[in-house]
Structure formats: structure tokens, C-alpha cells
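As C-alpha cells, the structure follows; a few thoughts come after it.
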Amino acid sequence: MSALFNFHSFLTVVLLVICTCTYIKMQFPTILDRKTGFRGFFWKAARIGERLSPWVALGCFIMGVSIIIF
């Protein structure tokens with residue numbers, strides 16, 4: 001089943017995008033400098049990861065545990 005039709009998979013993909021964009025912004029800040037266009041989406045995901053870092057980390061942990069258990 002596609003990640004678009006399964007909420008659990010969709011939430012996993014969103015959390016992974018947020019974590020990946022935050023990591024890329026920390027390592028290579030010039031890649032995500034543009035705030036408009038296609039890269040603007042990834043800039044916003046990185047901003048969410050920076051500002052809500054404890055909550056995103058908790059979400060990733062819970063999602064990982066749920067994938068292992070279920």
C-alpha cells in the first residue's frame with residue numbers, strides 16, 4: 001500500500017523528511033537557504049525540526065517502536 005493511503009506510513013515519511021532536512025541544514029546550510037519554490041518546502045521542514053526538536057525526536061522514537069512492535 002502506498003504511503004499516501006496509509007496514515008501510519010504517511011506519518012513515518014513526514015517525520016523522516018523533517019529529520020533529514022534538519023540534518024542537511026545543520027551540515028550544509030547553503031543548500032536550504034532558499035525559502036521559496038521547491039526547496040522552500042524542505043526549508044520549512046528543517047525549520048519545524050529545529051524549533052520542535054524534542055517533539056520530533058519523541059515522534060521518531062515512538063514511530064520506531066511502533067514499527068518494531070506492529
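Letters A, B, ... go to the chains of the C-alpha cells in the order shown; residues in each chain start at 1; ligands are counted from 1 in the same order.
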
When DSSP works through the backbone of this structure, what residues of stretch 13-60 of chain A end up as alpha helix (DSSP H), shown as a PyMOL selection string?
chain A and resi 13-27+38-51+53-60

Would you list the contacts of A:Val14 as a PyMOL selection string, taking every protein, DNA or RNA residue within 12 Å and counting only C-alpha atoms, but skipping same-chain residues closer than 2 positions in sequence?
chain A and resi 3-4+7-12+16-21+41-42+45-46+48-49+56+59-60+63

Dump N, CA, C and O atoms for the selected residues as a compact mmCIF listing (two decimals), in the first residue's frame?
```txt
# COMPACT_ATOMS: atom_id res chain seq x y z
N ALA A 3 2.22 5.09 0.73
CA ALA A 3 2.30 5.89 1.95
C ALA A 3 1.21 6.96 1.98
O ALA A 3 0.87 7.47 3.03
N LEU A 4 0.64 7.29 0.83
CA LEU A 4 -0.41 8.30 0.80
C LEU A 4 -1.74 7.77 1.31
O LEU A 4 -2.58 8.54 1.77
N PHE A 7 -2.10 5.98 6.85
CA PHE A 7 -1.72 7.11 7.70
C PHE A 7 -0.43 6.83 8.46
O PHE A 7 0.39 7.73 8.64
N HIS A 8 -0.23 5.62 8.92
CA HIS A 8 0.98 5.27 9.66
C HIS A 8 2.22 5.45 8.78
O HIS A 8 3.22 6.03 9.22
N SER A 9 2.15 5.00 7.55
CA SER A 9 3.27 5.17 6.62
C SER A 9 3.48 6.63 6.26
O SER A 9 4.62 7.09 6.15
N PHE A 10 2.40 7.37 6.08
CA PHE A 10 2.49 8.79 5.76
C PHE A 10 3.17 9.55 6.89
O PHE A 10 4.05 10.38 6.67
N LEU A 11 2.78 9.26 8.13
CA LEU A 11 3.39 9.92 9.28
C LEU A 11 4.87 9.57 9.40
O LEU A 11 5.69 10.43 9.73
N THR A 12 5.23 8.34 9.09
CA THR A 12 6.64 7.94 9.10
C THR A 12 7.44 8.72 8.06
O THR A 12 8.53 9.21 8.35
N LEU A 16 10.48 11.40 8.80
CA LEU A 16 11.79 11.19 8.20
C LEU A 16 12.22 12.38 7.35
O LEU A 16 13.40 12.75 7.35
N VAL A 17 11.29 13.01 6.64
CA VAL A 17 11.62 14.21 5.86
C VAL A 17 12.04 15.34 6.78
O VAL A 17 13.04 16.03 6.53
N ILE A 18 11.33 15.53 7.88
CA ILE A 18 11.68 16.58 8.83
C ILE A 18 13.07 16.34 9.42
O ILE A 18 13.90 17.25 9.47
N CYS A 19 13.33 15.12 9.85
CA CYS A 19 14.64 14.81 10.45
C CYS A 19 15.77 14.94 9.43
O CYS A 19 16.83 15.47 9.74
N THR A 20 15.54 14.47 8.21
CA THR A 20 16.57 14.55 7.18
C THR A 20 16.86 15.99 6.79
O THR A 20 18.02 16.38 6.65
N CYS A 21 15.82 16.80 6.62
CA CYS A 21 16.03 18.21 6.25
C CYS A 21 16.74 18.97 7.35
O CYS A 21 17.58 19.82 7.07
N PHE A 41 9.89 24.08 0.57
CA PHE A 41 9.23 23.03 1.34
C PHE A 41 10.21 22.36 2.29
O PHE A 41 9.90 22.11 3.46
N PHE A 42 11.41 22.09 1.80
CA PHE A 42 12.42 21.44 2.64
C PHE A 42 12.97 22.40 3.69
O PHE A 42 13.32 21.98 4.79
N ALA A 45 10.45 22.29 6.42
CA ALA A 45 10.59 21.05 7.18
C ALA A 45 11.78 21.13 8.13
O ALA A 45 11.71 20.68 9.28
N ALA A 46 12.87 21.73 7.67
CA ALA A 46 14.05 21.90 8.53
C ALA A 46 13.75 22.85 9.67
O ALA A 46 14.21 22.66 10.80
N ILE A 48 10.81 23.32 11.08
CA ILE A 48 9.99 22.57 12.04
C ILE A 48 10.89 21.68 12.90
O ILE A 48 10.72 21.60 14.12
N GLY A 49 11.85 21.03 12.28
CA GLY A 49 12.77 20.17 13.03
C GLY A 49 13.64 20.93 14.01
O GLY A 49 13.95 20.43 15.09
N VAL A 56 9.80 16.29 17.79
CA VAL A 56 10.10 15.50 16.60
C VAL A 56 10.89 14.26 16.99
O VAL A 56 10.63 13.16 16.49
N GLY A 59 8.53 11.86 18.52
CA GLY A 59 7.72 11.25 17.47
C GLY A 59 8.48 10.18 16.71
O GLY A 59 7.94 9.12 16.39
N CYS A 60 9.75 10.44 16.40
CA CYS A 60 10.59 9.45 15.71
C CYS A 60 10.79 8.21 16.57
O CYS A 60 10.75 7.08 16.08
N MET A 63 7.50 6.31 16.70
CA MET A 63 7.25 5.69 15.41
C MET A 63 8.15 4.47 15.22
O MET A 63 7.72 3.44 14.70
```

From the list A:Ile68, A:Gln27, A:Lys35, A:Thr22, the nearest residue to A:Leu52 using only C-alpha atoms is A:Thr22

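Taking atom CA of A:Tyr23 as the reference point, atom CA of A:Glu50 is found at 9.4 Å.
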
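For the atom pair formed by atom CA of A:Gly64 and atom CA of A:Val13, the distance is 11.9 Å, given to one decimal.
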
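Picture a line from atom CA of A:Val65 to atom CA of A:Asn6; it runs 17.6 Å.
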